[in-house]
Each structure stands twice: as structure tokens, then as C-alpha cells.
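Peer 1: Have a look at the structure that comes next, please.
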Amino acid sequence: MRRILFIGMMLFPFLAMAQGFQVNLHGQKQIGMGHTGTGLLQDGASVLFNPGAVAMLPENYVQGGISPLFFNSAFLAAGANQQENNKNQVATPFNVYAVWGPKNAPWKVGLGVYTPFGGLTDWGTSWTGKYSLESLNLKAIYFQPTISYKLSNIVSIGAGFVYNHASVDLTRGIPVSSSTASSGQAELKGNGKGYGFNAGIFVKPSQKVSLGLTYRSKVNTTIDGGTATFAVPNALAANFPSPNTFSSSIPLPSTTSLGIGYYPTNKWTVALDLEYVNWDVYKSLDFNYGQTTATLQNTHSPRNYKNAYDFRGGAEYKACTNVALRFGGGYATTPVQDGYVTPEAPDANRIYGTLGFGYKLAKKLDLDVSLEFEHLMSRTQTNIETNLAGTFKTDVTIPGVALVYHW
């Protein structure tokens, strides 16, 4: 019976997946170019990609974009012949940026509101892994006020404070032994917060080359006073105080990005980015309930994540004054070691390709669209805590659109 107490253990890995729930959808121009942007001057999304580049932007910006995420995952249990699929769900990561500074001033200020972590999935209440997860709705929204200063015509620096507001709504099954039911349900809902910073430097030594380096700090995110509700037969209700409260925390890792831009002609921009995610700070997950019983206990769960990398490349071609064509792709490694793969984020090494299109609607108004396809390598695993064994296969399709006003 005690193994059903690990309800809490599955909560924060939704926030923590370096790729599975790390949502790298921060600007349509950048997505179209394979998520490159650390070493480029493109638009207001530099607030996130490189605060140091903001002061070098030639104009002021107000822009917003959205990238609906269609997550399709399938699971084949060990020894089974029938594949199980998650239900169709559409998550909606978004980004909003504003950048302003007086004309010819060496400084600019900015604000970014974006969703670097999130997830939405529903496996149903009767699938093989229901005791690991039934459904999940996760949102993490970062607010980043930023200031950037141009030290010279070659070098600029910048930094921003980060506030994270997170929310989660999770359900999973509870195996019970009762004459009236064989399964119960747990629902965990709560809000969390965390703080960090984003800093960067941008260098443009010539008209042909630009370089950028960005460091986004670890963000310790905590949930206090979340609500845990248990639906179990009346005979077992005393073992699961309901409603209950819970608390937990997780160190969302620091990220270091290095980028380079190359401009062989006036029409072409080529970019490469390397991102390093310091996931080895995530050693374990500790989870505490407001009320415990002999059945419902606080938990300590090892995670032992490893550091992860993301290799990105892309290009933009200005076909004419009003039209820009973009393409790119990359390869990302997973931090989730064998034995820790879960249905919330059946993570694996992945490859992805992107396309983008930019159109100037008016002198000061641009339309940017993007399209991304990600393929995760199939992964056969047995989770060391839940013993859920089988093979996960996942593909992700992400269209996106943004409007950019500049002056």
C-alpha cells in the first residue's frame, strides 16, 4: 500500500524536463531559424535570447506571438500488443515583448513575458500507466524586466530580473483494495513562484559577424499551500485526509547559450547556437503533505539528472523588401537518465526541423509565422519507482504566428 504514496513524486518533473517540458518557443523569427538568436539582432525577443543585444536593436518594439503545441505520444506496455495514445490536447505557449529607448541613446529598457516551461496531456483514466499519471495541465510564466547598455559601437551588455509564476493541475489513479472500487483518484492543484535573472553580452566586431553569450540563472520554484484531493472509497477515507495541502520545490536549472551570426550578403543571415543546461543541480525531489497518515507519507525521491545540450542552426533569406524566408533545425539531448522516464514527459534525445516566413504588412508592422516538427527517439524503459515498463514514442508539431510593431 505504501507505494501508492508516491503521488507527489511526479509533480515537479513536469516543470523540470530539460527538453520534454522546457518550452523553447520564444519568438517566431527565432523558431523559424532553428531557435537561433543569441548572436543575432532580430527583434524584441532579444530580451530573452540575449539581453545584451537589446541596446543594439535599431528600433523599438512591441510584439506578441503564440505557438500552439500538438503533443502526440504513444505507449506500448511491455508484453502488450495494443498501443495506447494520449488524447488530443493543444497547449498554447506564448511570448510578449516590449523594447524602448530614446533615439540614439546608448541604452534601452525591455519587458518579456514568456512561457519557458509547460505541458498539457491526458492519457485517460483506464490506461496502463494511470497510477503514474492520468492528466496534467502545467503552466510556468516568466516576467522579465530588462535593461541594456551599449558600451561602444561593438559591444553591449544587458540583464533582467526574472519572476516565475507557475500553476499545475494533475490527476492520477490510486490502487485501492475495497469491495466497492479497485481504483481511486488523486488531484493536485497549486501555484508556485521563483526568482532568477538573465544576463548577456553582444559583440559585433564587423558587418559580417556578430557574437552573443547569455546566462539564464537557476530559478528555485516552490509550491506552498497546494491542494491535494483524494477520491477513495469511504472505508479508506481516513487514510487519505481530503482536502489536504502539499508543498515542494525544484531548482529549475541555469542555461548558458553561445551564438554566432554570419552575414555573407545583404540577403542572407546564417546562425549557430549552442545551449548548455545545467540539470545536474536536480538531485532529488522532496514532497510534504500538510496532513500525513500511516498510508500517506512525505516522500524523498532521487532524480540524479545529468546536464543536457542543444545544438541549433538556421538561416534567413530576404527574398525581397517585404518577404523573408527562414529555415533551421537542431539536435537536443535529454537529461533524464534510464529508470526515470515518466508519461508526463516521456523524454528522449530529439531532432527537429523548422520553417519560417516573414511578411511586412505595413511600414512598421510585420507578420511572422513558423512551423516546427520534433521527433523524439523511441525509448524503452522501466521506471524505478512506479515499475511502469514499456516503450514511448513521441512527435510534436508546432505552428506559430506573431505580430511585430516597430518604430
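Following the order of the C-alpha cells, first chain is A, next is B, and so on, with residues numbered from 1 inside each chain and ligands from 1 in the order they appear.
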Excluding A:Lys318 and residues on its chain fewer than 4 positions from it, collect all residues at most 8 Å away from it, counting only C-alpha atoms, and give them as a list of chain:residue names.
Peer 2: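 These residues fall inside the cut-off: A:Lys267, A:Trp268, A:Val323, A:Ala324, A:Leu325.
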Peer 1: I need the residues from that last selection saved to file as a PDB file, in the first residue's frame (with C-alpha atoms), if you can.
Peer 2:
ATOM      1  CA  LYS A 267      20.115  38.998 -48.249  1.00  0.00           C
ATOM      2  CA  TRP A 268      21.453  36.123 -46.144  1.00  0.00           C
ATOM      3  CA  VAL A 323       9.385  38.901 -47.658  1.00  0.00           C
ATOM      4  CA  ALA A 324      11.814  36.830 -45.574  1.00  0.00           C
ATOM      5  CA  LEU A 325      12.182  33.040 -45.757  1.00  0.00           C
TER       6      LEU A 325
END
Peer 1: Taking 3 positions as the minimum chain separation for residues in the same chain, which residues sit within 6 Å of A:Lys139 when counting only C-alpha atoms? Answer as an mmCIF file with N, CA and C atoms, in the first residue's frame.
Peer 2:
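Once written, selection-v3.cif looks like this:
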data_model
loop_
_atom_site.group_PDB
_atom_site.id
_atom_site.type_symbol
_atom_site.label_atom_id
_atom_site.label_comp_id
_atom_site.auth_asym_id
_atom_site.auth_seq_id
_atom_site.Cartn_x
_atom_site.Cartn_y
_atom_site.Cartn_z
ATOM 1 N N GLY A 118 6.057 24.174 -19.522
ATOM 2 C CA GLY A 118 4.630 23.940 -19.565
ATOM 3 C C GLY A 118 4.317 22.578 -20.145
ATOM 4 N N ALA A 166 4.013 29.867 -11.575
ATOM 5 C CA ALA A 166 3.704 28.536 -12.097
ATOM 6 C C ALA A 166 2.389 28.034 -11.529
ATOM 7 N N SER A 167 1.688 27.220 -12.313
ATOM 8 C CA SER A 167 0.462 26.571 -11.840
ATOM 9 C C SER A 167 0.433 25.145 -12.372
#
Peer 1: Can you work out the spacing between atom CA of A:Tyr149 and atom CA of A:Val62 in Å, to one decimal?
Peer 2: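 Interatomic distance, atom CA of A:Tyr149 to atom CA of A:Val62: 19.1 Å.
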Peer 1: I need the residue nearest A:Val396 from this list: A:Leu57, A:Val90, A:Val155, A:Ile66. Use only C-alpha atoms for the distance.
Peer 2: A:Val90
Peer 1: Which polymer residues have any atom within 9 Å of an atom of stretch 243-260 of chain A, counting only C-alpha atoms, with same-chain residues fewer than 5 positions away left out, as JSON, numbers by chain?
Peer 2: {"A": [8, 11, 12, 13, 15, 16, 18, 36, 37, 38, 39, 40, 49, 50, 188, 190, 192, 209, 210, 211, 212, 213, 214, 215, 216, 217, 218, 219, 220, 221, 222, 223, 224, 225, 226, 227, 228, 229, 230, 270, 271, 272, 273, 274, 275, 276, 277, 278, 279, 280, 281, 282, 284, 285, 286, 287, 288, 289, 290, 291]}
Peer 1: Which residues of stretch 295-326 of chain A sit at most 12 Å from stretch 338-343 of chain A, using only C-alpha atoms? Give each one's shortest atom pair and distance in Å (one decimal place), in chain and ascending residue order, as a tab-separated table.
Peer 2:
residue	atom	partner	partner_atom	distance
A:Ser301	CA	A:Tyr340	CA	10.6
A:Pro302	CA	A:Tyr340	CA	9.3
A:Arg303	CA	A:Tyr340	CA	7.1
A:Asn304	CA	A:Tyr340	CA	9.0
A:Tyr305	CA	A:Tyr340	CA	8.9
A:Lys306	CA	A:Asp338	CA	10.9
Peer 1: What does the file look like for those residues with N, CA and C atoms, as a PDB file, in the first residue's frame?
Peer 2:
ATOM      1  N   SER A 301      12.577  11.508  -3.151  1.00  0.00           N
ATOM      2  CA  SER A 301      12.762  10.718  -4.366  1.00  0.00           C
ATOM      3  C   SER A 301      14.004  11.185  -5.121  1.00  0.00           C
ATOM      4  N   PRO A 302      14.994  10.312  -5.336  1.00  0.00           N
ATOM      5  CA  PRO A 302      16.174  10.697  -6.117  1.00  0.00           C
ATOM      6  C   PRO A 302      15.827  10.926  -7.585  1.00  0.00           C
ATOM      7  N   ARG A 303      16.478  11.906  -8.203  1.00  0.00           N
ATOM      8  CA  ARG A 303      16.289  12.174  -9.625  1.00  0.00           C
ATOM      9  C   ARG A 303      17.610  12.064 -10.397  1.00  0.00           C
ATOM     10  N   ASN A 304      18.680  12.622  -9.860  1.00  0.00           N
ATOM     11  CA  ASN A 304      20.029  12.429 -10.424  1.00  0.00           C
ATOM     12  C   ASN A 304      20.091  12.743 -11.913  1.00  0.00           C
ATOM     13  N   TYR A 305      19.555  13.893 -12.299  1.00  0.00           N
ATOM     14  CA  TYR A 305      19.598  14.300 -13.698  1.00  0.00           C
ATOM     15  C   TYR A 305      21.033  14.621 -14.123  1.00  0.00           C
ATOM     16  N   LYS A 306      21.249  14.582 -15.410  1.00  0.00           N
ATOM     17  CA  LYS A 306      22.544  14.939 -15.981  1.00  0.00           C
ATOM     18  C   LYS A 306      22.381  16.177 -16.857  1.00  0.00           C
TER      19      LYS A 306
END
Peer 1: Which residues are close to A:Ala308, i.e. within 6 Å by only C-alpha atoms, leaving aside same-chain residues fewer than 4 positions away? Reply as a short mmCIF file (atom, residue, chain, number, x, y, z; two decimals) with N, CA and C atoms, in the first residue's frame.
Peer 2:
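See result-v5.cif below for the written result:
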data_model
loop_
_atom_site.label_atom_id
_atom_site.label_comp_id
_atom_site.auth_asym_id
_atom_site.auth_seq_id
_atom_site.Cartn_x
_atom_site.Cartn_y
_atom_site.Cartn_z
N VAL A 277 22.49 23.18 -20.58
CA VAL A 277 21.52 23.27 -19.48
C VAL A 277 22.06 22.50 -18.28
N THR A 333 19.79 16.82 -26.49
CA THR A 333 19.96 15.64 -25.65
C THR A 333 19.05 15.76 -24.43
N THR A 334 18.71 14.61 -23.85
CA THR A 334 17.83 14.59 -22.68
C THR A 334 18.67 14.47 -21.41
N PRO A 335 18.22 15.09 -20.31
CA PRO A 335 18.90 14.93 -19.02
C PRO A 335 18.37 13.74 -18.23
#
Peer 1: Name the residues in contact with A:Thr397 at a cut-off of 6 Å, using only C-alpha atoms, excluding same-chain residues fewer than 3 positions from it; report them as a list of chain:residue names.
Peer 2: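 Close residues of A:Thr397: A:Phe70, A:Glu372, A:Phe373.
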Peer 1: Using DSSP on the backbone, list every residue of stretch 136-211 of chain A that comes out as strand (DSSP E or B), and give them as a PyMOL selection string.
Peer 2: chain A and resi 136-150+155-175+183-203+209-211
Peer 1: Looking at A:Gly314, A:Gly390, A:Pro264, A:Gly356, which one is nearest to A:Gln82, with distances taken over only C-alpha atoms?
Peer 2: A:Gly390
Peer 1: Determine, using only C-alpha atoms, which residues of stretch 94-176 of chain A have any atom at most 6 Å from an atom of stretch 201-207 of chain A, and tabulate each with its shortest atom pair and distance in Å to one decimal place, rows ordered by chain and then rising number, as CSV.
Peer 2:
residue,atom,partner,partner_atom,distance
A:Ile154,CA,A:Lys204,CA,5.0
A:Val155,CA,A:Val203,CA,4.6
A:Ser156,CA,A:Phe202,CA,5.3
A:Ile157,CA,A:Ile201,CA,4.5
Peer 1: Can you write out the residues you just picked, keeping C-alpha atoms, as a PDB file, in the first residue's frame?
Peer 2:
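Produced file out_5.pdb, reproduced below:
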ATOM      1  CA  ILE A 154      30.926  46.994 -30.987  1.00  0.00           C
ATOM      2  CA  VAL A 155      29.884  45.794 -27.513  1.00  0.00           C
ATOM      3  CA  SER A 156      26.689  45.990 -25.476  1.00  0.00           C
ATOM      4  CA  ILE A 157      25.590  44.332 -22.240  1.00  0.00           C
TER       5      ILE A 157
END
Peer 1: How many Å separate atom CA of A:Thr394 from atom CA of A:Asn72?
Peer 2: 5.7 Å
Peer 1: For A:His26, work out the shell of residues within 7 Å, counting only C-alpha atoms and skipping chain neighbours fewer than 4 positions away, then give it as a list in words.
Peer 2: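 The neighbour list is Ala45, Asn95 and Tyr114 of chain A.
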Peer 1: How would the residues just picked look written out with N, CA and C atoms as a JSON list (two decimals), in the first residue's frame?
Peer 2:
[["chain", "number", "residue", "atom", "x", "y", "z"],
["A", 45, "ALA", "N", 12.46, 39.92, -29.12],
["A", 45, "ALA", "CA", 12.73, 38.66, -28.45],
["A", 45, "ALA", "C", 14.16, 38.58, -27.92],
["A", 95, "ASN", "N", 4.49, 34.41, -26.14],
["A", 95, "ASN", "CA", 5.55, 35.36, -25.79],
["A", 95, "ASN", "C", 5.09, 36.77, -26.12],
["A", 114, "TYR", "N", 6.91, 35.37, -21.03],
["A", 114, "TYR", "CA", 7.03, 34.19, -21.87],
["A", 114, "TYR", "C", 6.85, 32.93, -21.04]]
Peer 1: Write out as a PyMOL selection string which residues come within 9 Å of A:Gly112 when counting only C-alpha atoms, dropping same-chain ones fewer than 6 positions away.
Peer 2: chain A and resi 44-45+47-48+95-99+142-146
Peer 1: Using the selection just defined, write its residues with C-alpha atoms as a CSV table (one decimal), in the first residue's frame.
Peer 2:
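Listing of again37.csv after writing:
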chain,number,residue,atom,x,y,z
A,44,GLY,CA,12.2,42.4,-29.2
A,45,ALA,CA,12.7,38.7,-28.5
A,47,VAL,CA,15.0,40.4,-24.2
A,48,LEU,CA,15.1,36.6,-23.7
A,95,ASN,CA,5.6,35.4,-25.8
A,96,VAL,CA,5.1,39.1,-25.4
A,97,TYR,CA,8.0,41.6,-25.6
A,98,ALA,CA,8.4,45.4,-25.4
A,99,VAL,CA,11.6,47.3,-26.0
A,142,TYR,CA,8.2,34.2,-16.6
A,143,PHE,CA,8.1,38.0,-16.3
A,144,GLN,CA,11.5,39.7,-17.1
A,145,PRO,CA,12.1,43.5,-16.9
A,146,THR,CA,15.4,44.2,-18.6
Peer 1: So, with only C-alpha atoms as the atoms that count, which of A:Val162, A:Leu376, A:Ala231, A:Ala74 lies closest to A:Asn349?
Peer 2: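 Of A:Val162, A:Leu376, A:Ala231, A:Ala74, the one nearest A:Asn349, counting only C-alpha atoms, is A:Leu376.
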Peer 1: For a quick check of understanding, using only C-alpha atoms, which of A:Lys393, A:Lys87, A:Lys108, A:Lys29 has the smallest distance to A:Gly64?
Peer 2: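 Nearest candidate to A:Gly64 out of A:Lys393, A:Lys87, A:Lys108, A:Lys29: A:Lys29.
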Peer 1: Under the rule that only C-alpha atoms are counted, which of A:Ala53, A:Leu133, A:Pro102, A:Val176 is the nearest residue to A:Ala159?
Peer 2: A:Ala53
Peer 1: Measuring atom to atom with only C-alpha atoms, identify which of A:Gly129, A:Gly110, A:Gly124, A:Gly52 is nearest to A:Thr382.
Peer 2: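 Of A:Gly129, A:Gly110, A:Gly124, A:Gly52, the one nearest A:Thr382 is A:Gly129, counting only C-alpha atoms.
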Peer 1: Rounded to one decimal in Å, what is the spacing between atom CA of A:Ser67 and atom CA of A:Asn137?
Peer 2: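 Rounded to one decimal, the two atoms are 16.5 Å apart.
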